[in-house]
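Visitor: Structure incoming, see below.
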Number of protein chains: 4
Amino acid sequence: MHGRALPHGEGMKTYRYRDRIAFDRLELVDVPTPTPGPHELLLRIRAASLNYRDLAIARDGYGGFAGPLVPLSDAAGEVVACGAGVTRFAPGELVIPTYLPDWLDGPARPELVKRRLGGPTDGVLGEYLVVHEQAAVRAPAHLGATEAATLSIAALTAWQAAFVDAGIRPGETVAVHGTGGVALFVVQLARAAGVTPIVIARDPERAARAAALGALAIDTCTDAAWERRVLALTDQRGADVFVDVVGGSELPRAVTATRLGGTIALVGFTAGTTTTLALPAILNRSLTLRAVSVGNRTAFTGLVRALEASRIRPVIDRVFPFARARDAFHHLETGRPFGKVVIEVAP
Amino acid sequence: MHGRALPHGEGMKTYRYRDRIAFDRLELVDVPTPTPGPHELLLRIRAASLNYRDLAIARDGYGGFAGPLVPLSDAAGEVVACGAGVTRFAPGELVIPTYLPDWLDGPARPELVKRRLGGPTDGVLGEYLVVHEQAAVRAPAHLGATEAATLSIAALTAWQAAFVDAGIRPGETVAVHGTGGVALFVVQLARAAGVTPIVIARDPERAARAAALGALAIDTCTDAAWERRVLALTDQRGADVFVDVVGGSELPRAVTATRLGGTIALVGFTAGTTTTLALPAILNRSLTLRAVSVGNRTAFTGLVRALEASRIRPVIDRVFPFARARDAFHHLETGRPFGKVVIEVAP
Amino acid sequence: MHGRALPHGEGMKTYRYRDRIAFDRLELVDVPTPTPGPHELLLRIRAASLNYRDLAIARDGYGGFAGPLVPLSDAAGEVVACGAGVTRFAPGELVIPTYLPDWLDGPARPELVKRRLGGPTDGVLGEYLVVHEQAAVRAPAHLGATEAATLSIAALTAWQAAFVDAGIRPGETVAVHGTGGVALFVVQLARAAGVTPIVIARDPERAARAAALGALAIDTCTDAAWERRVLALTDQRGADVFVDVVGGSELPRAVTATRLGGTIALVGFTAGTTTTLALPAILNRSLTLRAVSVGNRTAFTGLVRALEASRIRPVIDRVFPFARARDAFHHLETGRPFGKVVIEVAP
Amino acid sequence: MHGRALPHGEGMKTYRYRDRIAFDRLELVDVPTPTPGPHELLLRIRAASLNYRDLAIARDGYGGFAGPLVPLSDAAGEVVACGAGVTRFAPGELVIPTYLPDWLDGPARPELVKRRLGGPTDGVLGEYLVVHEQAAVRAPAHLGATEAATLSIAALTAWQAAFVDAGIRPGETVAVHGTGGVALFVVQLARAAGVTPIVIARDPERAARAAALGALAIDTCTDAAWERRVLALTDQRGADVFVDVVGGSELPRAVTATRLGGTIALVGFTAGTTTTLALPAILNRSLTLRAVSVGNRTAFTGLVRALEASRIRPVIDRVFPFARARDAFHHLETGRPFGKVVIEVAP
């Protein structure tokens, strides 16, 4: 192992659900600082960020995970020590742990997507983290830790859905619901790629902010029949790709708003976990509905290069200090953030 | 125009829905034999076959087509005359009109799939038919007209779903519901391609007959939880491709029976036009649901070569004479056929 | 037929190789203005542009075409009359005839790529042109005729090579030789898509102009070992896609400059029609060499949308009046243009 | 570690190039039996097989590897002990080590294809071998060790070239040169998949044996212009896929024998490492030339399933006992084998 002097003996602080997964069991505790084994990295976590998944885990028991459990999957950390045999990284580099540490390349297979940071595997909301050197990518060179900490799930999902799976091309159109993390990355990545993003926003202010990022924005307060509006914006053709982050009763409307032969990327279900679909509508439009489960490490590496080439900077709504991590959860739940909610662990 | 002496003056017989689309309006009438224009073929129809689509049109008003209308889309006919400029075919050849006469190649586009034989465009159930030379493919060399008449929709859908869209490979597994036209072509094409077919049959006799064709057959009378059985037959992995011809409440079970990262081809909805899906199940299994709308002419040409290479012969349940065409509809509706129902127009 | 009053009786002027294909047989003659038949358009040609293909045909007898022949394939024209049954266009629209008028969609097949504007089929360098309504695409809305006339071969080849065939993604790198028509479209399309273009230029001035368009530019006067420079610019990885427009002895160097698993698009052979390749080098790098033959109409439609979305304007070196069309050929041959050479037919 | 009692203390025998790579330095030596570490398997090698690569390494210094080195890459072995943490295999199973132990999935990357069994990494021609549990696949259930030992390079290359990279479909045609290991697997896999194989054989006897396996066989003794014969066998269209294992001056003829838009898989260069290509011929035929470098573990797993589904048995020319391993090399070099040459290590 090489690297700077380790904080041995001192121990470290980490958040952890004590016995079961619930907000009131989230505590800040002292634990021993871990030591990297062969091919492992010790990261000094600089920042972490939240996804709705984290909220659903904490609030609804989503995933049914057992405690104790360290929360959160998205972070950026500095390599402070390398175990024996490490070749991919060196101390001092800023890296991002991958949410699915075992899925390096190729299609997902059951054994590759079992371990997931933030549940069931311990997550990133502590001062130090040990990860396998294969389970991390370098952070984009133009981003600081606060920004790099927002990419693991939301940006990679947006990238995988539109660019890897659907193979969207310049001149095409991608529609997305809302202005959450995935949606804003869809907008930014699309704009940088010559793709036209359409955002279905739920109020005038969010529509205006999405438009400021370069999207064609629909305000559902004034345009309740948003699927008609998508058709109007695309010469009645429909979006080439629809990234559906809400599911539920909104998904059938996405069917209407997607072009013949187009793709709906199934990403989330904040509007409902079940959906009732009319099969003739799907067949008549020759649609493909494709579930997107984040992406593998190779896709993440491609995303990092894409962000660098276009110098995209993630939209951050608010940054909380480590000591107030619980407030970050509450802000995501009730603050209706526009952009990512970040916790600075070691600024 | 060249070819044998035309039946001019004599006229021809054709079935036709008189004023509106309903069984009791289906009549056999005398009409003038058409003349092929430039780049058109005059076909002497030798045989035609039925699909459930034809039944749904006649019985339920599916498609909402207006009469008068000649029914049926699937046929094989001999070229008896060629209009000026025809280069693709010569008199004497046995050809198959394409169901979607305007869709030659590439992805479907709205203007390419509007015209459809058997509704809204006049179909094939008459003695002669004029088609554009581009809107036909040569029949497989090893098949007679009775067999060649069964391919346009069912065989092409099976081919498109499994081999073109899903790109199934030797050693993989394809599951399909029932023993209808599409299902049996899936079985035969799969067997010839080193792919393992699994058939979910609704009684022991059908299961036995599917097994005789080389399928792993599940009898839902004894195996009501057929999705568990599919898992058992695939080492708990699930089918690589599921060709769903039934939809409705069976589709969620297909989700369970398909492997992580697998594809469900949406082909039909005989079990119900709406389906209620659990989005987390689809996301957890990273599934792709892809609507299949038959296929273009290039795909059909590929199918013809595949049938020839493996000398596949379509399974035919029963052949009716032209004069008893109505009985063929009734047999499809009530006779529970195993294989295609054919009408011989000119044996 | 509908549209404005036709120039009947007046006739029109066209350039034409008289008896055989050679510069000294290129004459400006008066011919009858053609009349559009069913599904045909009469175009008032506004501008045409040159490709090296046109030079090779005129100078070297490339293609072995017989005269008389109207030269050039690239143009933009206004629809002035529509034959019976036309639905795709209306009088007044600015459209671009497709170089391969029979290739609408899907993969190339022999019968689809036989007819080619400018040889063996009559080309566009006249005042009027009749084309089938299927053999044209609308011009990009933000471009005038002079610019729209430059797209048919060079821009479509660049688009097909990088975005359709190779499926390049944002963040990747595309390298291209020279600063000809294809190369500059590669640069512009890449920049608009978040892709990094690398140009191998043959002098400092061209390198500087390519850099001004946003490319990483290599000046082979100072960097003779340009393949090493490409490696240096890509962290020794090599370009993801190499669009090779020169062939000959330069192609083996492109092999060195392309990443493991990358693609070399074979587009032209101005440096030599034969090339000697070391197979172990290709196998060790797992390369794909893919011949690119312009593209079908669907690809062209996609290109038009991409140009519009990013408001790309073609680089034009010089515009010649119709009366001095021969000078345009000479300029392309000897003037070392940076960008397209255009002939304004009806400004 | 669990498993049967290990042969500790006894040591094992292995072949090894002593100081440098040459036939006369190949010796049979006693070495300590290795012990599997965490996630490693100890295999009792049952059989190994030869590829031309092994001959080129031994005879020509191909690869430039340093000694000492254990030769050969292809083998099948029984798991006799498992290191800590092994989950993929259990003692008693017959497995096949992967030639490229680090390439599990996704596209090849430089760091994944550096280690290769038989050079530069120690190969399989010894009594025991330790491999990482990820660097092996289970043997096909219907094959014994002698047959399973022939698959790692030749069968996987044939599979990758035709079915994974080129995506060949039933009814299409694949041509291949000779009757070596790759060629015969191409024939068997094609036949089982409804694909028509064409073999270009160099004498009547080999042509007859290829025909007996189901190929359309060309005897170049009587058909020197074999490329014309391929065209004749494919209605002048050309093969859909050409698996070129010879390169050199034969490759340009493969260009002629491949259909418009077809694929040539570049696999080997026994007829010469350099080839001179006419670029216009490649462009006119819109060909793709794609280097195939064996395949990743996921592809190998797919191959195993394909072999099982069709119960394909590898063609074996001759089996040598372990003590006469050198004779196997000589037989491959001079015996003109039809099928694989195998060495039984522990029958």
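Order determines the names: the first chain of the structure tokens is A, the second B, and so forth; residues in each chain are numbered 1 upward, and ligands are numbered 1 upward as they are shown.
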Please produce, as a Markdown table, a per-residue contact table for chain D versus chain A (criterion: any atom at most 10 Å away, only C-alpha atoms considered), showing the nearest atom pair and its distance in Å to one decimal, sorted by chain then residue number.
Guide:
| residue | atom | partner | partner_atom | distance |
| --- | --- | --- | --- | --- |
| D:Trp103 | CA | A:Asp105 | CA | 9.8 |
| D:Leu104 | CA | A:Asp105 | CA | 8.1 |
| D:Asp105 | CA | A:Gly106 | CA | 5.0 |
| D:Gly106 | CA | A:Gly106 | CA | 4.1 |
| D:Pro107 | CA | A:Gly106 | CA | 7.7 |
| D:Asn296 | CA | A:Gly106 | CA | 9.8 |
| D:Thr298 | CA | A:Gly106 | CA | 8.3 |
Visitor: Create the file for the chosen residues now, containing all heavy atoms and written as a compact mmCIF listing (two decimals), in the first residue's frame.
Guide:
# COMPACT_ATOMS: atom_id res chain seq x y z
N TRP D 103 -10.48 -10.82 -20.47
CA TRP D 103 -11.54 -10.23 -21.29
C TRP D 103 -12.86 -10.95 -21.02
O TRP D 103 -13.16 -11.96 -21.65
CB TRP D 103 -11.17 -10.31 -22.77
CG TRP D 103 -12.08 -9.52 -23.66
CD1 TRP D 103 -12.90 -8.49 -23.29
CD2 TRP D 103 -12.29 -9.69 -25.06
NE1 TRP D 103 -13.59 -8.02 -24.38
CE2 TRP D 103 -13.22 -8.73 -25.48
CE3 TRP D 103 -11.75 -10.57 -26.01
CZ2 TRP D 103 -13.64 -8.64 -26.81
CZ3 TRP D 103 -12.16 -10.48 -27.31
CH2 TRP D 103 -13.10 -9.51 -27.72
N LEU D 104 -13.63 -10.39 -20.11
CA LEU D 104 -14.86 -11.06 -19.71
C LEU D 104 -16.04 -10.64 -20.57
O LEU D 104 -16.89 -11.45 -20.93
CB LEU D 104 -15.16 -10.75 -18.24
CG LEU D 104 -14.05 -11.11 -17.25
CD1 LEU D 104 -14.53 -10.88 -15.82
CD2 LEU D 104 -13.59 -12.54 -17.43
N ASP D 105 -16.12 -9.35 -20.87
CA ASP D 105 -17.33 -8.87 -21.52
C ASP D 105 -17.05 -7.55 -22.22
O ASP D 105 -16.03 -6.93 -21.99
CB ASP D 105 -18.43 -8.69 -20.46
CG ASP D 105 -19.81 -8.93 -21.04
OD1 ASP D 105 -20.00 -8.75 -22.26
OD2 ASP D 105 -20.70 -9.29 -20.27
N GLY D 106 -17.98 -7.12 -23.04
CA GLY D 106 -17.86 -5.83 -23.72
C GLY D 106 -16.77 -5.86 -24.77
O GLY D 106 -16.18 -6.92 -25.04
N PRO D 107 -16.52 -4.71 -25.38
CA PRO D 107 -15.50 -4.66 -26.42
C PRO D 107 -14.10 -4.85 -25.85
O PRO D 107 -13.85 -4.62 -24.67
CB PRO D 107 -15.66 -3.25 -27.01
CG PRO D 107 -16.41 -2.47 -26.00
CD PRO D 107 -17.21 -3.44 -25.18
N ASN D 296 -14.93 -12.60 -26.22
CA ASN D 296 -14.87 -12.50 -24.76
C ASN D 296 -15.60 -13.68 -24.10
O ASN D 296 -16.16 -14.54 -24.78
CB ASN D 296 -15.43 -11.14 -24.29
CG ASN D 296 -16.88 -10.94 -24.68
OD1 ASN D 296 -17.66 -11.89 -24.76
ND2 ASN D 296 -17.25 -9.70 -24.93
N THR D 298 -18.31 -13.86 -22.37
CA THR D 298 -19.75 -13.92 -22.62
C THR D 298 -20.03 -14.58 -23.96
O THR D 298 -20.96 -15.39 -24.08
CB THR D 298 -20.34 -12.50 -22.59
OG1 THR D 298 -20.20 -11.97 -21.27
CG2 THR D 298 -21.81 -12.50 -22.97
Visitor: May I have all residues of range 121-242 of chain B that DSSP, computed from the backbone, assigns to helix (DSSP H, G or I), given as a count of residues only?
Guide: 51
Visitor: Just the number, please: distance in Å from CA of Ile343 in chain C to CA of His331 in chain C, one decimal.
Guide: 11.4 Å
Visitor: Would you compute the distance between CA of Thr150 in chain D and CA of Tyr15 in chain D? Give it in Å to one decimal.
Guide: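 About the pair CA of Thr150 in chain D and CA of Tyr15 in chain D: they are 18.5 Å apart.
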Visitor: From a DSSP calculation on the backbone, collect every residue of range 79-265 of chain D in strand (DSSP E) and output the set as an MDAnalysis selection string.
Guide: chainID D and resid 79:82 94:97 128:132 136:138 173:177 196:201 216:219 239:244 258:265
